[in-house]
>>> print(open('input_34.pdb').read())   # PDB, C-alpha atoms
ATOM      1  CA  MET P   1      -7.298  57.913  50.937  1.00  0.00           C
ATOM      2  CA  VAL P   2      -8.156  60.664  48.448  1.00  0.00           C
ATOM      3  CA  LYS P   3      -5.266  61.515  46.133  1.00  0.00           C
ATOM      4  CA  THR P   4      -4.106  65.098  46.574  1.00  0.00           C
ATOM      5  CA  GLY P   5      -5.270  67.380  43.801  1.00  0.00           C
ATOM      6  CA  LEU P   6      -7.960  65.019  42.550  1.00  0.00           C
ATOM      7  CA  THR P   7     -11.197  66.948  42.107  1.00  0.00           C
ATOM      8  CA  VAL P   8     -14.532  66.324  40.435  1.00  0.00           C
ATOM      9  CA  ALA P   9     -13.576  68.839  37.740  1.00  0.00           C
ATOM     10  CA  ARG P  10     -10.302  67.000  37.005  1.00  0.00           C
ATOM     11  CA  LEU P  11     -12.106  63.657  36.944  1.00  0.00           C
ATOM     12  CA  VAL P  12     -14.712  64.997  34.525  1.00  0.00           C
ATOM     13  CA  GLU P  13     -12.140  66.529  32.204  1.00  0.00           C
ATOM     14  CA  GLY P  14      -9.964  63.413  32.316  1.00  0.00           C
ATOM     15  CA  GLY P  15     -13.001  61.208  31.805  1.00  0.00           C
ATOM     16  CA  ALA P  16     -14.025  63.307  28.806  1.00  0.00           C
ATOM     17  CA  GLU P  17     -10.539  62.992  27.300  1.00  0.00           C
ATOM     18  CA  LEU P  18     -10.598  59.239  27.885  1.00  0.00           C
ATOM     19  CA  ALA P  19     -14.061  58.996  26.310  1.00  0.00           C
ATOM     20  CA  ASP P  20     -12.659  60.706  23.204  1.00  0.00           C
ATOM     21  CA  GLU P  21      -9.894  58.095  23.076  1.00  0.00           C
ATOM     22  CA  ILE P  22     -11.826  54.878  23.783  1.00  0.00           C
ATOM     23  CA  GLY P  23     -15.466  55.845  23.264  1.00  0.00           C
ATOM     24  CA  PHE P  24     -18.029  57.058  25.776  1.00  0.00           C
ATOM     25  CA  GLU P  25     -19.821  53.706  25.750  1.00  0.00           C
ATOM     26  CA  GLN P  26     -16.585  51.931  26.755  1.00  0.00           C
ATOM     27  CA  LEU P  27     -15.857  54.315  29.628  1.00  0.00           C
ATOM     28  CA  THR P  28     -15.631  52.548  32.985  1.00  0.00           C
ATOM     29  CA  GLY P  29     -14.829  53.670  36.484  1.00  0.00           C
ATOM     30  CA  ALA P  30     -11.788  51.376  36.483  1.00  0.00           C
ATOM     31  CA  ALA P  31     -10.472  52.978  33.270  1.00  0.00           C
ATOM     32  CA  VAL P  32     -10.826  56.481  34.725  1.00  0.00           C
ATOM     33  CA  ALA P  33      -9.189  55.366  37.978  1.00  0.00           C
ATOM     34  CA  ARG P  34      -6.246  53.926  35.994  1.00  0.00           C
ATOM     35  CA  ARG P  35      -5.896  57.194  34.087  1.00  0.00           C
ATOM     36  CA  PHE P  36      -5.426  59.023  37.398  1.00  0.00           C
ATOM     37  CA  ASN P  37      -3.412  56.213  38.977  1.00  0.00           C
ATOM     38  CA  VAL P  38      -5.857  55.856  41.853  1.00  0.00           C
ATOM     39  CA  ARG P  39      -7.941  53.029  43.214  1.00  0.00           C
ATOM     40  CA  LEU P  40     -11.572  52.810  42.184  1.00  0.00           C
ATOM     41  CA  ALA P  41     -12.580  53.589  45.768  1.00  0.00           C
ATOM     42  CA  SER P  42     -10.686  56.888  45.537  1.00  0.00           C
ATOM     43  CA  LEU P  43     -12.551  57.756  42.358  1.00  0.00           C
ATOM     44  CA  TYR P  44     -15.874  57.054  44.039  1.00  0.00           C
ATOM     45  CA  SER P  45     -15.004  59.274  46.967  1.00  0.00           C
ATOM     46  CA  HIS P  46     -15.413  62.149  44.477  1.00  0.00           C
ATOM     47  CA  VAL P  47     -18.348  60.898  42.419  1.00  0.00           C
ATOM     48  CA  LYS P  48     -21.135  58.617  43.594  1.00  0.00           C
ATOM     49  CA  ASN P  49     -20.796  56.046  40.807  1.00  0.00           C
ATOM     50  CA  LEU P  50     -20.099  55.640  37.091  1.00  0.00           C
ATOM     51  CA  ASP P  51     -23.503  57.007  36.125  1.00  0.00           C
ATOM     52  CA  ALA P  52     -22.842  60.172  38.142  1.00  0.00           C
ATOM     53  CA  LEU P  53     -19.470  60.590  36.414  1.00  0.00           C
ATOM     54  CA  LYS P  54     -21.045  60.053  32.990  1.00  0.00           C
ATOM     55  CA  CYS P  55     -23.732  62.622  33.821  1.00  0.00           C
ATOM     56  CA  GLN P  56     -21.020  65.129  34.732  1.00  0.00           C
ATOM     57  CA  ILE P  57     -19.175  64.402  31.488  1.00  0.00           C
ATOM     58  CA  ALA P  58     -22.441  64.896  29.586  1.00  0.00           C
ATOM     59  CA  LEU P  59     -22.964  68.269  31.284  1.00  0.00           C
ATOM     60  CA  PHE P  60     -19.364  69.227  30.485  1.00  0.00           C
ATOM     61  CA  ALA P  61     -19.820  68.287  26.811  1.00  0.00           C
ATOM     62  CA  LEU P  62     -23.129  70.137  26.521  1.00  0.00           C
ATOM     63  CA  ARG P  63     -21.532  73.261  28.019  1.00  0.00           C
ATOM     64  CA  GLN P  64     -18.592  73.118  25.602  1.00  0.00           C
ATOM     65  CA  LEU P  65     -20.899  72.606  22.634  1.00  0.00           C
ATOM     66  CA  ALA P  66     -23.255  75.410  23.697  1.00  0.00           C
ATOM     67  CA  ASP P  67     -20.371  77.813  24.262  1.00  0.00           C
ATOM     68  CA  ALA P  68     -18.905  77.027  20.840  1.00  0.00           C
ATOM     69  CA  ALA P  69     -22.316  77.384  19.172  1.00  0.00           C
ATOM     70  CA  THR P  70     -22.987  80.714  20.900  1.00  0.00           C
ATOM     71  CA  GLU P  71     -19.698  82.085  19.635  1.00  0.00           C
ATOM     72  CA  ALA P  72     -20.161  80.670  16.125  1.00  0.00           C
ATOM     73  CA  ILE P  73     -23.601  82.135  15.429  1.00  0.00           C
ATOM     74  CA  ALA P  74     -23.043  85.512  17.096  1.00  0.00           C
ATOM     75  CA  GLY P  75     -23.849  88.256  14.583  1.00  0.00           C
ATOM     76  CA  ARG P  76     -25.059  85.801  11.931  1.00  0.00           C
ATOM     77  CA  ALA P  77     -28.521  85.173  10.539  1.00  0.00           C
ATOM     78  CA  GLY P  78     -30.279  82.933   8.063  1.00  0.00           C
ATOM     79  CA  LYS P  79     -28.119  80.567   6.048  1.00  0.00           C
ATOM     80  CA  ASP P  80     -24.883  81.873   7.610  1.00  0.00           C
ATOM     81  CA  ALA P  81     -26.177  81.138  11.110  1.00  0.00           C
ATOM     82  CA  LEU P  82     -27.466  77.713  10.055  1.00  0.00           C
ATOM     83  CA  TRP P  83     -24.142  76.732   8.546  1.00  0.00           C
ATOM     84  CA  ALA P  84     -22.230  78.020  11.569  1.00  0.00           C
ATOM     85  CA  LEU P  85     -24.434  76.038  13.963  1.00  0.00           C
ATOM     86  CA  ALA P  86     -24.131  72.917  11.813  1.00  0.00           C
ATOM     87  CA  ASP P  87     -20.358  73.233  11.516  1.00  0.00           C
ATOM     88  CA  VAL P  88     -19.991  73.579  15.280  1.00  0.00           C
ATOM     89  CA  HIS P  89     -21.808  70.287  15.820  1.00  0.00           C
ATOM     90  CA  ARG P  90     -19.857  68.441  13.140  1.00  0.00           C
ATOM     91  CA  ASP P  91     -16.492  69.882  14.182  1.00  0.00           C
ATOM     92  CA  TYR P  92     -17.142  69.048  17.835  1.00  0.00           C
ATOM     93  CA  ALA P  93     -18.089  65.483  16.907  1.00  0.00           C
ATOM     94  CA  LEU P  94     -14.968  64.999  14.801  1.00  0.00           C
ATOM     95  CA  ARG P  95     -12.630  66.516  17.407  1.00  0.00           C
ATOM     96  CA  HIS P  96     -14.338  65.017  20.457  1.00  0.00           C
ATOM     97  CA  PRO P  97     -16.244  61.868  19.469  1.00  0.00           C
ATOM     98  CA  GLY P  98     -16.584  60.614  23.049  1.00  0.00           C
ATOM     99  CA  ARG P  99     -17.887  63.939  24.293  1.00  0.00           C
ATOM    100  CA  PHE P 100     -20.266  64.172  21.340  1.00  0.00           C
ATOM    101  CA  ALA P 101     -21.709  60.809  22.409  1.00  0.00           C
ATOM    102  CA  ALA P 102     -21.779  61.997  26.032  1.00  0.00           C
ATOM    103  CA  ALA P 103     -23.873  65.024  25.052  1.00  0.00           C
ATOM    104  CA  ARG P 104     -26.661  62.573  24.183  1.00  0.00           C
ATOM    105  CA  TYR P 105     -26.456  60.687  27.491  1.00  0.00           C
ATOM    106  CA  GLN P 106     -29.835  60.446  29.188  1.00  0.00           C
ATOM    107  CA  LEU P 107     -29.966  62.838  32.125  1.00  0.00           C
ATOM    108  CA  ALA P 108     -32.560  63.042  34.864  1.00  0.00           C
ATOM    109  CA  PRO P 109     -35.177  65.685  33.922  1.00  0.00           C
ATOM    110  CA  GLU P 110     -34.031  68.199  36.548  1.00  0.00           C
ATOM    111  CA  LEU P 111     -30.382  67.781  35.515  1.00  0.00           C
ATOM    112  CA  ALA P 112     -31.288  68.121  31.829  1.00  0.00           C
ATOM    113  CA  ALA P 113     -33.285  71.288  32.543  1.00  0.00           C
ATOM    114  CA  ALA P 114     -30.298  72.833  34.339  1.00  0.00           C
ATOM    115  CA  SER P 115     -27.828  71.780  31.638  1.00  0.00           C
ATOM    116  CA  ALA P 116     -26.701  73.673  28.548  1.00  0.00           C
ATOM    117  CA  GLY P 117     -29.135  71.572  26.492  1.00  0.00           C
ATOM    118  CA  PRO P 118     -31.901  74.203  26.685  1.00  0.00           C
ATOM    119  CA  GLN P 119     -29.352  76.823  25.612  1.00  0.00           C
ATOM    120  CA  LEU P 120     -28.568  74.738  22.517  1.00  0.00           C
ATOM    121  CA  ALA P 121     -32.292  74.544  21.772  1.00  0.00           C
ATOM    122  CA  GLN P 122     -32.562  78.336  22.145  1.00  0.00           C
ATOM    123  CA  LEU P 123     -29.647  78.795  19.759  1.00  0.00           C
ATOM    124  CA  SER P 124     -31.464  76.612  17.238  1.00  0.00           C
ATOM    125  CA  ARG P 125     -34.593  78.746  17.751  1.00  0.00           C
ATOM    126  CA  ALA P 126     -32.503  81.854  17.116  1.00  0.00           C
ATOM    127  CA  VAL P 127     -31.249  80.375  13.843  1.00  0.00           C
ATOM    128  CA  LEU P 128     -34.818  79.433  12.861  1.00  0.00           C
ATOM    129  CA  ARG P 129     -35.967  83.039  13.271  1.00  0.00           C
ATOM    130  CA  GLY P 130     -34.207  83.662   9.965  1.00  0.00           C
ATOM    131  CA  TYR P 131     -36.633  81.241   8.320  1.00  0.00           C
ATOM    132  CA  ALA P 132     -39.952  82.643   9.587  1.00  0.00           C
ATOM    133  CA  LEU P 133     -41.242  79.293  10.827  1.00  0.00           C
ATOM    134  CA  PRO P 134     -44.450  79.473  12.855  1.00  0.00           C
ATOM    135  CA  GLU P 135     -43.779  79.011  16.555  1.00  0.00           C
ATOM    136  CA  ALA P 136     -45.829  75.806  16.589  1.00  0.00           C
ATOM    137  CA  GLU P 137     -43.445  74.299  14.012  1.00  0.00           C
ATOM    138  CA  GLN P 138     -40.195  75.270  15.715  1.00  0.00           C
ATOM    139  CA  VAL P 139     -39.902  72.227  17.956  1.00  0.00           C
ATOM    140  CA  HIS P 140     -40.224  69.995  14.875  1.00  0.00           C
ATOM    141  CA  ALA P 141     -37.580  72.000  13.049  1.00  0.00           C
ATOM    142  CA  ILE P 142     -35.230  71.890  16.059  1.00  0.00           C
ATOM    143  CA  ARG P 143     -35.582  68.107  16.171  1.00  0.00           C
ATOM    144  CA  PHE P 144     -35.007  68.005  12.409  1.00  0.00           C
ATOM    145  CA  LEU P 145     -31.778  70.001  12.786  1.00  0.00           C
ATOM    146  CA  GLY P 146     -30.578  67.904  15.731  1.00  0.00           C
ATOM    147  CA  SER P 147     -31.291  64.684  13.858  1.00  0.00           C
ATOM    148  CA  PHE P 148     -29.372  65.906  10.834  1.00  0.00           C
ATOM    149  CA  PHE P 149     -26.372  67.134  12.857  1.00  0.00           C
ATOM    150  CA  MET P 150     -26.165  63.958  14.924  1.00  0.00           C
ATOM    151  CA  GLY P 151     -26.900  61.573  12.083  1.00  0.00           C
ATOM    152  CA  TYR P 152     -24.359  62.990   9.659  1.00  0.00           C
ATOM    153  CA  ALA P 153     -21.630  63.198  12.292  1.00  0.00           C
ATOM    154  CA  THR P 154     -22.333  59.684  13.568  1.00  0.00           C
ATOM    155  CA  LEU P 155     -22.154  58.222  10.062  1.00  0.00           C
ATOM    156  CA  GLU P 156     -18.991  60.169   9.285  1.00  0.00           C
ATOM    157  CA  LEU P 157     -17.334  59.029  12.523  1.00  0.00           C
ATOM    158  CA  SER P 158     -18.146  55.426  11.678  1.00  0.00           C
ATOM    159  CA  THR P 159     -16.360  55.952   8.310  1.00  0.00           C
ATOM    160  CA  ALA P 160     -19.590  55.213   6.441  1.00  0.00           C
ATOM    161  CA  PHE P 161     -18.720  57.911   3.889  1.00  0.00           C
ATOM    162  CA  ALA P 162     -15.081  56.914   3.422  1.00  0.00           C
ATOM    163  CA  HIS P 163     -15.737  54.250   0.806  1.00  0.00           C
ATOM    164  CA  SER P 164     -16.970  56.337  -2.100  1.00  0.00           C
ATOM    165  CA  ALA P 165     -16.622  59.671  -3.840  1.00  0.00           C
ATOM    166  CA  PRO P 166     -17.229  62.511  -3.390  1.00  0.00           C
ATOM    167  CA  ASP P 167     -15.664  63.103  -0.009  1.00  0.00           C
ATOM    168  CA  ALA P 168     -17.703  63.691   3.158  1.00  0.00           C
ATOM    169  CA  GLU P 169     -16.957  67.437   3.135  1.00  0.00           C
ATOM    170  CA  THR P 170     -18.510  67.883  -0.297  1.00  0.00           C
ATOM    171  CA  SER P 171     -21.611  65.946   0.729  1.00  0.00           C
ATOM    172  CA  TRP P 172     -21.796  67.954   3.969  1.00  0.00           C
ATOM    173  CA  ARG P 173     -21.907  71.250   2.072  1.00  0.00           C
ATOM    174  CA  ARG P 174     -24.513  69.942  -0.391  1.00  0.00           C
ATOM    175  CA  SER P 175     -26.588  68.617   2.515  1.00  0.00           C
ATOM    176  CA  LEU P 176     -26.431  72.003   4.235  1.00  0.00           C
ATOM    177  CA  GLU P 177     -27.734  73.615   1.042  1.00  0.00           C
ATOM    178  CA  ALA P 178     -30.620  71.127   1.059  1.00  0.00           C
ATOM    179  CA  LEU P 179     -31.266  71.794   4.742  1.00  0.00           C
ATOM    180  CA  HIS P 180     -31.401  75.531   4.053  1.00  0.00           C
ATOM    181  CA  VAL P 181     -33.929  74.999   1.240  1.00  0.00           C
ATOM    182  CA  ALA P 182     -36.008  72.666   3.427  1.00  0.00           C
ATOM    183  CA  LEU P 183     -36.232  75.325   6.133  1.00  0.00           C
ATOM    184  CA  GLN P 184     -37.158  77.993   3.578  1.00  0.00           C
ATOM    185  CA  HIS P 185     -40.018  75.789   2.352  1.00  0.00           C
ATOM    186  CA  TRP P 186     -41.122  74.243   5.619  1.00  0.00           C
ATOM    187  CA  PRO P 187     -44.492  72.498   5.145  1.00  0.00           C
ATOM    188  CA  SER P 188     -47.607  73.984   6.642  1.00  0.00           C
ATOM    189  CA  SER P 189     -48.817  72.734   9.970  1.00  0.00           C
ATOM    190  CA  PRO P 190     -51.138  69.709   9.603  1.00  0.00           C
ATOM    191  CA  ASP P 191     -53.797  71.807  11.376  1.00  0.00           C
ATOM    192  CA  ALA P 192     -53.600  74.409   8.608  1.00  0.00           C
ATOM    193  CA  LEU P 193     -54.351  71.881   5.858  1.00  0.00           C
TER
END
>>> encode(input="input_34.pdb", output="structure tokens")
Amino acid sequence: MVKTGLTVARLVEGGAELADEIGFEQLTGAAVARRFNVRLASLYSHVKNLDALKCQIALFALRQLADAATEAIAGRAGKDALWALADVHRDYALRHPGRFAAARYQLAPELAAASAGPQLAQLSRAVLRGYALPEAEQVHAIRFLGSFFMGYATLELSTAFAHSAPDAETSWRRSLEALHVALQHWPSSPDAL
């Protein structure tokens, strides 16, 4: 029997909250069912299986991140836009570590194409317009940005920076300065050499 008021949207939001508490990798169907005080069978009457639920949580996280990034970079350009985009990623990771991990969950190609992931890539492209990178180099720069955002946040979440001075915030700001300089002096395409 399906519990009254239980919907896919509620399951996704509750699953996302639980992922923030216990970690996305530790999320199980049984844990989500316990959170809603339902049997596992009731959970799976709303979503096909755990993978389907995790995909929905990933889509939810990508949408939240894209919405926050859109708002943060609106009306900004160059370094200001870069820092705003970077801060959105880091802040989201620190506030929602499970969702941040979910945003990297492997989605089927058609689901990924319909997600907010392409919007995040377009926002990165918009930021890169302030750096006059050739179009052929933009995909490399977008991957560079994504790697930096994810890598720094992942290390900070694992407390890798907590054991020495200066604090992680100071290093974050210095790293953003270095990222800005790197984008200003992006190397020429290998074809141009």
>>> residues_around(input="input_34.pdb", residues="stretch 33-44 of chain P", least_positions_apart="2", cutoff="10 Å", atoms="only C-alpha atoms", output="PyMOL selection string")
chain P and resi 1-3+6-8+10-11+14-15+18+28-31+46-50+52-53
>>> atom_distance(input="input_34.pdb", atom1="atom CA of P:Cys55", atom2="atom CA of P:Leu94")
21.1 Å
>>> closest_residue(input="input_34.pdb", among="P:Leu65, P:Ala74, P:Ala108, P:Met150", to="P:Asp51", atoms="all atoms listed in the file")
P:Ala108
>>> atom_distance(input="input_34.pdb", atom1="atom CA of P:Val32", atom2="atom CA of P:Glu156")
27.0 Å
>>> residues_near_point(input="input_34.pdb", point="(-28.1, 74.3, 8.6)", cutoff="6 Å", atoms="only C-alpha atoms", output="compact mmCIF listing (two decimals) with C-alpha atoms, keeping the file's coordinate frame")
# COMPACT_ATOMS: atom_id res chain seq x y z
CA LEU P 82 -27.47 77.71 10.06
CA TRP P 83 -24.14 76.73 8.55
CA ALA P 86 -24.13 72.92 11.81
CA LEU P 176 -26.43 72.00 4.24
CA LEU P 179 -31.27 71.79 4.74
CA HIS P 180 -31.40 75.53 4.05
>>> residues_around(input="input_34.pdb", residues="P:Ala58", least_positions_apart="5", cutoff="8 Å", atoms="only C-alpha atoms", output="ChimeraX atom specification")
/P:99,102-105
>>> resolve_selection(input="input_34.pdb", expression="the PyMOL selection byres ((chain P and resi 87) around 10)", output="ChimeraX atom specification")
/P:69,72,81-86,88-93,149,172-173,176
>>> residues_around(input="input_34.pdb", residues="P:Leu111", least_positions_apart="5", cutoff="10 Å", atoms="only C-alpha atoms", output="ChimeraX atom specification")
/P:55-56,59,106,116-117
>>> atom_distance(input="input_34.pdb", atom1="atom CA of P:Glu135", atom2="atom CA of P:Gln64")
27.4 Å
>>> residues_around(input="input_34.pdb", residues="P:Ser124", least_positions_apart="4", cutoff="7 Å", atoms="all atoms listed in the file", output="NGL selection string")
:P and (120 or 128 or 142)
>>> write_last_selection(input="input_34.pdb", atoms="C-alpha atoms", output="mmCIF file, in the frame of the given file")
data_model
loop_
_atom_site.group_PDB
_atom_site.id
_atom_site.type_symbol
_atom_site.label_atom_id
_atom_site.label_comp_id
_atom_site.auth_asym_id
_atom_site.auth_seq_id
_atom_site.Cartn_x
_atom_site.Cartn_y
_atom_site.Cartn_z
ATOM 1 C CA LEU P 120 -28.568 74.738 22.517
ATOM 2 C CA LEU P 128 -34.818 79.433 12.861
ATOM 3 C CA ILE P 142 -35.230 71.890 16.059
#
>>> resolve_selection(input="input_34.pdb", expression="the PyMOL selection byres ((chain P and resi 130) around 12)", output="MDAnalysis selection string")
chainID P and resid 76:82 123:129 131:134 138 180 183:184
>>> write_last_selection(input="input_34.pdb", atoms="C-alpha atoms", output="PDB file, in the frame of the given file")
ATOM      1  CA  ARG P  76     -25.059  85.801  11.931  1.00  0.00           C
ATOM      2  CA  ALA P  77     -28.521  85.173  10.539  1.00  0.00           C
ATOM      3  CA  GLY P  78     -30.279  82.933   8.063  1.00  0.00           C
ATOM      4  CA  LYS P  79     -28.119  80.567   6.048  1.00  0.00           C
ATOM      5  CA  ASP P  80     -24.883  81.873   7.610  1.00  0.00           C
ATOM      6  CA  ALA P  81     -26.177  81.138  11.110  1.00  0.00           C
ATOM      7  CA  LEU P  82     -27.466  77.713  10.055  1.00  0.00           C
ATOM      8  CA  LEU P 123     -29.647  78.795  19.759  1.00  0.00           C
ATOM      9  CA  SER P 124     -31.464  76.612  17.238  1.00  0.00           C
ATOM     10  CA  ARG P 125     -34.593  78.746  17.751  1.00  0.00           C
ATOM     11  CA  ALA P 126     -32.503  81.854  17.116  1.00  0.00           C
ATOM     12  CA  VAL P 127     -31.249  80.375  13.843  1.00  0.00           C
ATOM     13  CA  LEU P 128     -34.818  79.433  12.861  1.00  0.00           C
ATOM     14  CA  ARG P 129     -35.967  83.039  13.271  1.00  0.00           C
ATOM     15  CA  TYR P 131     -36.633  81.241   8.320  1.00  0.00           C
ATOM     16  CA  ALA P 132     -39.952  82.643   9.587  1.00  0.00           C
ATOM     17  CA  LEU P 133     -41.242  79.293  10.827  1.00  0.00           C
ATOM     18  CA  PRO P 134     -44.450  79.473  12.855  1.00  0.00           C
ATOM     19  CA  GLN P 138     -40.195  75.270  15.715  1.00  0.00           C
ATOM     20  CA  HIS P 180     -31.401  75.531   4.053  1.00  0.00           C
ATOM     21  CA  LEU P 183     -36.232  75.325   6.133  1.00  0.00           C
ATOM     22  CA  GLN P 184     -37.158  77.993   3.578  1.00  0.00           C
TER      23      GLN P 184
END
>>> closest_residue(input="input_34.pdb", among="P:Pro97, P:Gly5, P:Pro109, P:Gly75", to="P:Ala61", atoms="all atoms listed in the file")
P:Pro97
>>> closest_residue(input="input_34.pdb", among="P:Gly23, P:Ser175, P:Glu71, P:Val12", to="P:Ser158", atoms="all atoms listed in the file")
P:Gly23
>>> decode(input="input_34.pdb", residues="stretch 43-107 of chain P", atoms="C-alpha atoms", output="CSV table (one decimal), in the first residue's frame")
chain,number,residue,atom,x,y,z
P,43,LEU,CA,9.3,3.2,-1.9
P,44,TYR,CA,9.7,1.2,-5.1
P,45,SER,CA,6.1,1.8,-6.0
P,46,HIS,CA,7.2,5.4,-6.6
P,47,VAL,CA,10.7,4.9,-8.1
P,48,LYS,CA,11.8,1.9,-10.1
P,49,ASN,CA,14.9,1.1,-8.0
P,50,LEU,CA,17.8,2.8,-6.1
P,51,ASP,CA,19.5,3.8,-9.3
P,52,ALA,CA,16.4,5.6,-10.5
P,53,LEU,CA,16.1,7.4,-7.1
P,54,LYS,CA,19.8,8.4,-7.3
P,55,CYS,CA,19.4,9.7,-10.8
P,56,GLN,CA,16.4,11.8,-9.6
P,57,ILE,CA,18.5,13.2,-6.7
P,58,ALA,CA,21.3,14.0,-9.2
P,59,LEU,CA,18.9,15.9,-11.4
P,60,PHE,CA,17.6,17.7,-8.3
P,61,ALA,CA,21.1,18.7,-7.2
P,62,LEU,CA,22.1,19.8,-10.7
P,63,ARG,CA,19.0,22.0,-10.9
P,64,GLN,CA,19.7,23.6,-7.5
P,65,LEU,CA,23.3,24.2,-8.5
P,66,ALA,CA,22.4,25.7,-11.9
P,67,ASP,CA,19.8,27.9,-10.4
P,68,ALA,CA,22.2,29.2,-7.7
P,69,ALA,CA,24.9,29.8,-10.4
P,70,THR,CA,22.5,31.6,-12.7
P,71,GLU,CA,21.6,34.0,-9.9
P,72,ALA,CA,25.1,34.5,-8.7
P,73,ILE,CA,26.7,35.5,-12.0
P,74,ALA,CA,23.8,37.6,-13.3
P,75,GLY,CA,25.1,41.0,-14.2
P,76,ARG,CA,28.7,40.1,-13.6
P,77,ALA,CA,31.7,39.6,-15.9
P,78,GLY,CA,35.3,38.6,-15.9
P,79,LYS,CA,36.9,38.0,-12.5
P,80,ASP,CA,33.7,38.9,-10.6
P,81,ALA,CA,31.7,36.3,-12.6
P,82,LEU,CA,34.4,33.7,-12.2
P,83,TRP,CA,34.6,34.2,-8.4
P,84,ALA,CA,30.8,34.1,-8.1
P,85,LEU,CA,30.6,30.9,-10.1
P,86,ALA,CA,33.4,29.3,-8.0
P,87,ASP,CA,31.8,30.4,-4.7
P,88,VAL,CA,28.5,28.9,-5.7
P,89,HIS,CA,30.1,25.5,-6.3
P,90,ARG,CA,32.1,25.6,-3.1
P,91,ASP,CA,29.2,26.9,-1.0
P,92,TYR,CA,26.9,24.3,-2.4
P,93,ALA,CA,29.4,21.5,-1.6
P,94,LEU,CA,29.9,22.7,2.0
P,95,ARG,CA,26.2,23.1,2.6
P,96,HIS,CA,25.1,20.0,0.7
P,97,PRO,CA,27.9,17.5,0.5
P,98,GLY,CA,25.7,14.6,-0.4
P,99,ARG,CA,23.9,16.6,-3.2
P,100,PHE,CA,27.3,17.8,-4.4
P,101,ALA,CA,28.4,14.2,-4.8
P,102,ALA,CA,25.0,13.4,-6.4
P,103,ALA,CA,25.6,16.1,-9.1
P,104,ARG,CA,28.5,13.9,-10.4
P,105,TYR,CA,26.4,10.7,-10.5
P,106,GLN,CA,26.7,9.1,-13.9
P,107,LEU,CA,23.4,9.6,-15.8
